[in-house]
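Shown below: structure-v6.cif, with mmCIF, C-alpha atoms and all ligand atoms.
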data_final
loop_
_atom_site.label_atom_id
_atom_site.label_comp_id
_atom_site.auth_asym_id
_atom_site.auth_seq_id
_atom_site.Cartn_x
_atom_site.Cartn_y
_atom_site.Cartn_z
CA MET Z 64 86.15 88.34 -78.42
CA LYS Z 65 83.19 87.10 -76.38
CA ASN Z 66 80.17 88.96 -75.11
CA THR Z 67 79.82 87.39 -71.65
CA ALA Z 68 76.93 89.48 -70.31
CA GLY Z 69 74.06 87.00 -70.78
CA THR Z 70 72.69 84.66 -68.14
CA GLU Z 71 72.57 80.88 -68.42
CA ALA Z 72 68.78 80.96 -67.94
CA ALA Z 73 68.40 83.18 -70.99
CA LYS Z 74 70.83 81.13 -73.07
CA ARG Z 75 69.20 77.85 -72.09
CA ALA Z 76 65.73 79.12 -72.95
CA ALA Z 77 66.84 80.25 -76.41
CA GLY Z 78 68.85 77.10 -77.12
CA GLU Z 79 66.08 74.74 -76.08
CA ALA Z 80 63.41 76.63 -78.04
CA ALA Z 81 65.45 76.32 -81.23
CA ALA Z 82 66.29 72.66 -80.57
CA ALA Z 83 62.55 71.95 -80.40
CA GLU Z 84 62.38 72.75 -84.15
CA ALA Z 85 64.32 69.58 -85.06
CA THR Z 86 62.23 66.66 -86.24
CA ASP Z 87 62.87 63.05 -87.31
CA GLY Z 88 65.11 62.71 -90.35
CA ASP Z 89 66.72 66.12 -90.03
CA VAL Z 90 70.41 66.82 -90.54
CA VAL Z 91 71.15 69.51 -87.94
CA GLY Z 92 74.06 71.94 -87.92
CA LEU Z 93 75.45 72.17 -84.40
CA GLY Z 94 76.81 75.60 -83.53
CA THR Z 95 79.58 76.61 -81.18
CA GLY Z 96 79.53 78.48 -77.88
CA SER Z 97 77.65 78.46 -74.59
CA THR Z 98 74.18 79.16 -76.05
CA ALA Z 99 74.41 76.61 -78.87
CA ALA Z 100 75.65 74.11 -76.26
CA HIS Z 101 72.23 74.25 -74.57
CA ALA Z 102 70.63 73.33 -77.90
CA ILE Z 103 73.08 70.44 -78.38
CA ARG Z 104 72.43 69.07 -74.88
CA ASP Z 105 68.68 69.29 -75.43
CA LEU Z 106 68.96 67.53 -78.79
CA GLY Z 107 71.04 64.82 -77.09
CA GLU Z 108 68.26 64.24 -74.56
CA ARG Z 109 65.71 63.99 -77.36
CA VAL Z 110 67.95 61.56 -79.30
CA ALA Z 111 68.08 59.37 -76.18
CA GLU Z 112 64.27 59.43 -76.21
CA GLY Z 113 64.16 58.35 -79.88
CA LEU Z 114 64.58 61.48 -82.01
CA ASP Z 115 66.18 60.38 -85.31
CA ILE Z 116 68.59 63.13 -86.41
CA GLU Z 117 72.18 63.43 -87.54
CA GLY Z 118 74.39 66.35 -86.54
CA VAL Z 119 77.08 68.31 -88.35
CA ALA Z 120 79.55 69.95 -85.96
CA THR Z 121 80.96 73.46 -86.52
CA SER Z 122 83.99 73.07 -84.25
CA TYR Z 123 86.06 70.76 -82.09
CA GLN Z 124 83.93 71.91 -79.14
CA SER Z 125 80.55 71.14 -80.71
CA ARG Z 126 81.77 67.79 -82.04
CA ALA Z 127 83.00 66.75 -78.58
CA LEU Z 128 79.76 67.81 -76.91
CA ALA Z 129 77.62 66.09 -79.56
CA ARG Z 130 79.56 62.86 -79.04
CA GLU Z 131 79.20 63.19 -75.26
CA VAL Z 132 75.41 63.54 -75.49
CA GLY Z 133 75.01 60.82 -78.13
CA ILE Z 134 74.10 62.71 -81.32
CA PRO Z 135 75.19 60.71 -84.42
CA LEU Z 136 77.49 62.85 -86.54
CA LEU Z 137 78.15 63.40 -90.24
CA SER Z 138 81.41 64.91 -91.42
CA LEU Z 139 81.14 68.51 -92.63
CA SER Z 140 83.24 67.65 -95.67
CA ASP Z 141 80.57 65.13 -96.79
CA VAL Z 142 77.57 67.41 -96.37
CA ALA Z 143 76.23 69.79 -99.04
CA ARG Z 144 73.02 70.78 -97.25
CA VAL Z 145 71.53 70.57 -93.80
CA ASP Z 146 67.88 70.94 -92.80
CA LEU Z 147 68.48 73.38 -89.99
CA ALA Z 148 71.48 74.91 -88.30
CA ILE Z 149 71.37 76.27 -84.75
CA ASP Z 150 74.07 78.69 -83.66
CA GLY Z 151 74.78 81.54 -81.28
CA ALA Z 152 76.00 85.06 -81.97
CA ASP Z 153 78.07 87.72 -80.29
CA GLN Z 154 75.81 90.54 -81.45
CA VAL Z 155 72.52 90.64 -83.34
CA ALA Z 156 71.06 93.62 -85.22
CA LEU Z 157 67.56 92.29 -85.90
CA ASP Z 158 66.38 95.09 -88.19
CA GLU Z 159 69.38 94.57 -90.47
CA ASN Z 160 69.40 90.77 -90.20
CA ALA Z 161 73.09 91.09 -89.37
CA LEU Z 162 75.20 89.20 -86.86
CA VAL Z 163 78.71 89.30 -85.52
CA LYS Z 164 79.95 85.78 -84.86
CA GLY Z 165 83.33 84.24 -84.12
CA GLY Z 166 83.78 84.91 -80.41
CA GLY Z 167 84.81 81.28 -80.23
CA ALA Z 168 86.90 81.57 -83.42
CA ALA Z 169 84.66 79.01 -85.14
CA HIS Z 170 82.99 81.37 -87.62
CA ALA Z 171 84.54 79.91 -90.78
CA ARG Z 172 82.95 76.48 -90.33
CA GLU Z 173 79.87 78.09 -88.78
CA LYS Z 174 79.34 80.10 -91.96
CA VAL Z 175 79.76 77.02 -94.16
CA VAL Z 176 77.12 75.18 -92.13
CA ALA Z 177 74.75 78.17 -91.92
CA SER Z 178 74.96 78.73 -95.67
CA ALA Z 179 74.19 75.04 -96.29
CA ALA Z 180 71.09 75.18 -94.08
CA ASP Z 181 67.52 75.36 -95.32
CA GLU Z 182 66.84 77.17 -92.04
CA PHE Z 183 69.46 79.01 -90.02
CA LEU Z 184 68.23 79.50 -86.45
CA VAL Z 185 70.15 81.94 -84.27
CA VAL Z 186 70.03 81.59 -80.49
CA ALA Z 187 70.93 84.49 -78.23
CA ASP Z 188 70.32 85.98 -74.82
CA ASP Z 189 68.86 89.48 -74.84
CA SER Z 190 72.23 91.12 -73.99
CA LYS Z 191 73.29 90.33 -77.58
CA LEU Z 192 70.69 92.58 -79.21
CA ALA Z 193 71.77 95.94 -80.64
CA ASP Z 194 70.29 98.49 -83.02
CA ARG Z 195 73.52 98.55 -85.05
CA LEU Z 196 76.53 96.23 -84.97
CA GLU Z 197 79.45 97.61 -83.00
CA HIS Z 198 81.08 94.46 -81.63
CA PRO Z 199 84.60 93.90 -83.04
CA VAL Z 200 84.45 91.67 -86.11
CA PRO Z 201 86.54 88.48 -85.89
CA VAL Z 202 88.53 87.81 -89.06
CA GLU Z 203 90.23 84.44 -89.54
CA VAL Z 204 93.51 84.97 -91.37
CA LEU Z 205 96.08 82.72 -93.05
CA PRO Z 206 99.16 83.15 -90.82
CA ASP Z 207 101.37 84.18 -93.74
CA ALA Z 208 98.90 86.91 -94.70
CA LEU Z 209 98.73 88.56 -91.28
CA ALA Z 210 100.54 91.82 -92.09
CA ARG Z 211 98.71 92.19 -95.40
CA VAL Z 212 95.29 91.64 -93.82
CA GLU Z 213 96.05 94.00 -90.90
CA ARG Z 214 96.82 96.71 -93.43
CA ALA Z 215 93.66 96.01 -95.43
CA VAL Z 216 91.55 96.18 -92.26
CA ARG Z 217 93.08 99.57 -91.38
CA ASP Z 218 92.42 100.77 -94.93
CA ALA Z 219 88.78 99.74 -94.45
CA GLY Z 220 88.57 101.89 -91.29
CA GLY Z 221 89.13 99.14 -88.73
CA ASP Z 222 91.51 98.65 -85.84
CA PRO Z 223 92.77 95.03 -85.81
CA THR Z 224 93.98 93.21 -82.68
CA LEU Z 225 95.54 89.76 -82.88
CA ARG Z 226 93.54 87.51 -80.56
CA ASP Z 227 95.69 86.04 -77.80
CA ALA Z 228 95.15 82.59 -76.34
CA GLU Z 229 94.20 82.44 -72.67
CA ARG Z 230 95.93 79.28 -71.49
CA LYS Z 231 98.71 79.16 -74.08
CA ASP Z 232 101.43 81.69 -74.77
CA GLY Z 233 100.92 83.47 -78.06
CA PRO Z 234 97.90 83.82 -80.35
CA VAL Z 235 94.72 81.80 -80.69
CA ILE Z 236 95.10 79.16 -83.41
CA THR Z 237 91.73 78.21 -84.94
CA ASP Z 238 90.51 74.66 -85.59
CA ASN Z 239 91.71 75.32 -89.16
CA GLY Z 240 95.25 76.30 -88.09
CA ASN Z 241 94.83 80.03 -88.69
CA LEU Z 242 95.01 83.30 -86.70
CA VAL Z 243 92.18 85.63 -85.66
CA LEU Z 244 92.12 89.41 -85.82
CA ASP Z 245 89.40 91.13 -83.78
CA CYS Z 246 88.68 94.19 -85.89
CA ASP Z 247 87.03 97.21 -84.29
CA PHE Z 248 85.11 99.20 -86.92
CA GLY Z 249 83.12 101.24 -84.38
CA THR Z 250 79.46 101.27 -85.37
CA VAL Z 251 79.04 99.34 -88.62
CA SER Z 252 76.69 101.45 -90.72
CA GLU Z 253 76.63 99.14 -93.75
CA PRO Z 254 77.26 95.52 -92.70
CA ALA Z 255 76.69 94.06 -96.19
CA SER Z 256 79.21 96.41 -97.75
CA LEU Z 257 81.83 95.77 -95.05
CA ALA Z 258 81.24 92.01 -95.41
CA ARG Z 259 81.91 92.23 -99.15
CA GLU Z 260 85.04 94.31 -98.59
CA LEU Z 261 86.49 91.87 -96.05
CA SER Z 262 85.66 88.86 -98.23
CA GLY Z 263 87.66 90.44 -101.02
CA VAL Z 264 90.92 90.64 -99.08
CA ALA Z 265 93.42 87.94 -100.06
CA GLY Z 266 94.43 85.97 -96.99
CA VAL Z 267 91.08 86.38 -95.22
CA VAL Z 268 89.78 82.87 -94.66
CA GLU Z 269 86.43 84.11 -93.32
CA HIS Z 270 85.02 87.02 -91.34
CA GLY Z 271 82.36 86.97 -88.65
CA LEU Z 272 79.76 89.20 -90.33
CA PHE Z 273 76.69 87.11 -91.17
CA VAL Z 274 74.38 89.37 -93.17
CA GLY Z 275 70.94 88.30 -94.41
CA MET Z 276 71.54 84.72 -93.32
CA ALA Z 277 69.32 84.21 -90.26
CA ASP Z 278 65.87 82.74 -90.91
CA ALA Z 279 64.81 83.09 -87.27
CA VAL Z 280 66.33 84.50 -84.09
CA PHE Z 281 65.36 83.04 -80.71
CA VAL Z 282 66.04 85.57 -77.95
CA GLY Z 283 65.92 84.33 -74.36
CA ASP Z 284 65.60 86.46 -71.23
CA ASP Z 285 66.47 85.98 -67.56
CA ASP Z 286 62.95 84.70 -66.77
CA GLY Z 287 63.40 81.89 -69.28
CA ASP Z 288 60.98 83.43 -71.77
CA VAL Z 289 61.82 83.30 -75.48
CA ARG Z 290 60.84 85.58 -78.32
CA ARG Z 291 61.10 84.19 -81.84
CA THR Z 292 61.71 86.81 -84.54
CA GLU Z 293 62.03 86.34 -88.28
CA PRO Z 294 64.26 89.19 -89.42
O1 LIG P 1 80.29 82.57 -83.01
C1 LIG P 1 80.48 81.84 -82.06
C2 LIG P 1 81.68 80.98 -81.94
O2 LIG P 1 82.59 81.24 -82.97
C3 LIG P 1 79.50 81.75 -80.95
O3 LIG P 1 78.29 81.32 -81.46
C4 LIG P 1 79.38 83.12 -80.34
O4 LIG P 1 80.64 83.51 -79.84
C5 LIG P 1 78.36 83.14 -79.19
O5 LIG P 1 78.83 82.37 -78.13
P1 LIG P 1 78.07 82.32 -76.73
O6 LIG P 1 76.76 81.66 -76.98
O7 LIG P 1 78.99 81.52 -75.84
O8 LIG P 1 77.92 83.76 -76.25
#
Translate the structure of the given file into structure tokens.
Amino acid sequence: MKNTAGTEAAKRAAGEAAAAEATDGDVVGLGTGSTAAHAIRDLGERVAEGLDIEGVATSYQSRALAREVGIPLLSLSDVARVDLAIDGADQVALDENALVKGGGAAHAREKVVASAADEFLVVADDSKLADRLEHPVPVEVLPDALARVERAVRDAGGDPTLRDAERKDGPVITDNGNLVLDCDFGTVSEPASLARELSGVAGVVEHGLFVGMADAVFVGDDDGDVRRTEP
């Protein structure tokens, strides 16, 4: 489920500020979504001007955009570490260093890339900021485990909704061939504890809680100004 409140000016400002951190020789994780796309386009322009980087895509979408703008790509399956990863978020609780991701259903690969990164840079417009996380948490689920995971989410206090596709009948199928449950837990008072609980459910491929992972958050506003915070 996407948060669509932010403006393009704010997203562009955040994306471009984070992209400016990439330097020659870096392997760069390329996130998914409309904010990360600004970073990818900016990196593509800098590659055309001579910047020597290689990208690692987190989704079909980011791979296609990186190819379009001319960023050389490595395969995620060949990469054990990246220098920096740049990615968006659906909600950011700065004081807790906690994110909800997965509005684009790409959070499984996004988490692999973020966890492989020496520096994980989050890019967001200011509509994404919250004191506590309350955005529904996307959970990628093995199709055969759907009923089991729905029950486990309810047992954990959540209300799961199978994510429907918009221009296809039936559910969203992720790039990994799985389903997504958007799980409403209300206000998440202990993100780390909920993250551990969800990770322990058999059939959960990955959930969209990213706790303690961000090294810096770039927050853009409508005037194109950016605030960099290290949570
Ligand atoms: O987690 C994600 C995709 O799985 C995106 O980074 C998140 O949904 C934010 O997207 P946008 O920048 O378009 O608001």
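Checking Z:His270, Z:Arg217, Z:Arg130, Z:Arg211 one by one against ligand LIG 1 (chain P), counting all atoms listed in the file, you find the shortest gap at Z:His270.
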Report task. Name the residues, by chain letter and number, that sit within 6 Å of ligand LIG 1 (chain P) using only C-alpha atoms and all ligand atoms, and give them as a PyMOL selection string. Result -> chain Z and resi 65-66+95-99+150-153+164-170
Requested in this report: Measure the distance from CA of Ala102 (chain Z) to CA of Ala82 (chain Z) in Å and round it to one decimal.
Outcome: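 Answer for the CA of Ala102 (chain Z) to CA of Ala82 (chain Z) separation: 5.1 Å.
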Query raised in the report: Out of Z:Ser252, Z:Ser190, Z:Ser140, Z:Thr86, which residue has the shortest atom-to-atom distance to Asp115 (chain Z) when counting only C-alpha atoms?
Result: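 Checking each of Z:Ser252, Z:Ser190, Z:Ser140, Z:Thr86 against Asp115 (chain Z), counting only C-alpha atoms, the winner is Z:Thr86.
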Requested in this report: Could you please give me, as a list in words, the residues of protein, DNA or RNA lying at most 8 Å from (76.0, 91.6, -89.2) in the coordinate frame of the file, considering only C-alpha atoms?
Outcome: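 Neighbouring residues, ordered by chain and number, come to Gln154, Val155, Ala156, Glu159, Asn160, Ala161, Leu162, Val163, Leu196, Pro254, Ala255, Gly271, Leu272, Phe273, Val274 and Gly275 of chain Z.
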Query raised in the report: In terms of the shortest atom-to-atom distance over all atoms listed in the file, which of Z:Leu136, Z:Ala72, Z:Val200, Z:Val186 is closest to Thr250 (chain Z)?
Result: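 Selected residue with least distance to Thr250 (chain Z): Z:Val200.
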Query raised in the report: What is the CA of Ala219 (chain Z) to CA of Arg195 (chain Z) distance in Å?
Result: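 Between these atoms lies a distance of 18.0 Å.
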Query raised in the report: Separation of CA of Val185 (chain Z) and CA of Glu260 (chain Z), in Å?
Result: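 Spanning CA of Val185 (chain Z) to CA of Glu260 (chain Z) is a straight-line distance of 24.1 Å.
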Taking 4 positions as the minimum chain separation for residues in the same chain, which residues sit within 10 Å of Arg144 (chain Z) when counting all atoms listed in the file? Answer as a PDB file with C-alpha atoms, in the frame of the given file.
ATOM      1  CA  VAL Z  90      70.410  66.820 -90.540  1.00  0.00           C
ATOM      2  CA  VAL Z  91      71.150  69.510 -87.940  1.00  0.00           C
ATOM      3  CA  GLY Z  92      74.060  71.940 -87.920  1.00  0.00           C
ATOM      4  CA  LEU Z 139      81.140  68.510 -92.630  1.00  0.00           C
ATOM      5  CA  ALA Z 148      71.480  74.910 -88.300  1.00  0.00           C
ATOM      6  CA  VAL Z 175      79.760  77.020 -94.160  1.00  0.00           C
ATOM      7  CA  VAL Z 176      77.120  75.180 -92.130  1.00  0.00           C
ATOM      8  CA  ALA Z 177      74.750  78.170 -91.920  1.00  0.00           C
ATOM      9  CA  SER Z 178      74.960  78.730 -95.670  1.00  0.00           C
ATOM     10  CA  ALA Z 179      74.190  75.040 -96.290  1.00  0.00           C
ATOM     11  CA  ALA Z 180      71.090  75.180 -94.080  1.00  0.00           C
ATOM     12  CA  ASP Z 181      67.520  75.360 -95.320  1.00  0.00           C
TER      13      ASP Z 181
END
Query - Val235 (chain Z) environment, 6 Å, all atoms listed in the file, sequence neighbours closer than 5 positions dropped, as a list of chain:residue names - result: Z:Arg226, Z:Asp227, Z:Ala228
Report task. Enumerate, as an NGL selection string, the protein, DNA and RNA residues whose atoms approach (64.3, 86.3, -86.5) to within 12 Å, taking into account only C-alpha atoms and the coordinate frame of the file. Result -> :Z and (81 or 155-162 or 182-187 or 192 or 275-282 or 289-294)
For the selection you just gave me, I'd like the residues written to a file as a tab-separated table (two decimals), in the frame of the given file, keeping C-alpha atoms.
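Saved as out_30.tsv:
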chain	number	residue	atom	x	y	z
Z	81	ALA	CA	65.45	76.32	-81.23
Z	155	VAL	CA	72.52	90.64	-83.34
Z	156	ALA	CA	71.06	93.62	-85.22
Z	157	LEU	CA	67.56	92.29	-85.90
Z	158	ASP	CA	66.38	95.09	-88.19
Z	159	GLU	CA	69.38	94.57	-90.47
Z	160	ASN	CA	69.40	90.77	-90.20
Z	161	ALA	CA	73.09	91.09	-89.37
Z	162	LEU	CA	75.20	89.20	-86.86
Z	182	GLU	CA	66.84	77.17	-92.04
Z	183	PHE	CA	69.46	79.01	-90.02
Z	184	LEU	CA	68.23	79.50	-86.45
Z	185	VAL	CA	70.15	81.94	-84.27
Z	186	VAL	CA	70.03	81.59	-80.49
Z	187	ALA	CA	70.93	84.49	-78.23
Z	192	LEU	CA	70.69	92.58	-79.21
Z	275	GLY	CA	70.94	88.30	-94.41
Z	276	MET	CA	71.54	84.72	-93.32
Z	277	ALA	CA	69.32	84.21	-90.26
Z	278	ASP	CA	65.87	82.74	-90.91
Z	279	ALA	CA	64.81	83.09	-87.27
Z	280	VAL	CA	66.33	84.50	-84.09
Z	281	PHE	CA	65.36	83.04	-80.71
Z	282	VAL	CA	66.04	85.57	-77.95
Z	289	VAL	CA	61.82	83.30	-75.48
Z	290	ARG	CA	60.84	85.58	-78.32
Z	291	ARG	CA	61.10	84.19	-81.84
Z	292	THR	CA	61.71	86.81	-84.54
Z	293	GLU	CA	62.03	86.34	-88.28
Z	294	PRO	CA	64.26	89.19	-89.42
Region 146-208 of chain Z residues near region 241-245 of chain Z within 6 Å, closest pair each, using all atoms listed in the file, as CSV:
residue,atom,partner,partner_atom,distance
Z:Pro199,CA,Z:Asp245,CA,5.6
Z:Val200,CA,Z:Asp245,CA,5.5
Z:Pro201,CA,Z:Asp245,CA,4.4
Z:Val202,CA,Z:Leu244,CA,5.1
Z:Glu203,CA,Z:Val243,CA,4.5
Z:Val204,CA,Z:Leu242,CA,5.2
Z:Leu205,CA,Z:Asn241,CA,5.3
Z:Pro206,CA,Z:Asn241,CA,5.7
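Each of Z:Val142, Z:Val212, Z:Ala68, Z:Ala171 was compared to Gly94 (chain Z) using all atoms listed in the file, and Z:Ala171 turns out to be the nearest.
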Report task. Determine the nearest neighbour of Ala80 (chain Z) from the options Z:Asp288, Z:Asp141, Z:Asp247, Z:Asp189, counting all atoms listed in the file. Result ->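 Using all atoms listed in the file, the shortest distance to Ala80 (chain Z) belongs to Z:Asp288.
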**Report entry** Residue nearest Val132 (chain Z) - candidates Z:Thr224, Z:Ala77, Z:Leu257, Z:His101, atoms counted: only C-alpha atoms
**Finding:**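 Of Z:Thr224, Z:Ala77, Z:Leu257, Z:His101, the one nearest Val132 (chain Z), counting only C-alpha atoms, is Z:His101.
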Listed atoms of region 64-67 of chain Z boxed along x, y and z, 8 Å each side, centre and edge lengths in Å, one decimal, as AutoDock Vina command-line options:
--center_x 83.0 --center_y 88.0 --center_z -75.0 --size_x 22.3 --size_y 17.9 --size_z 22.8
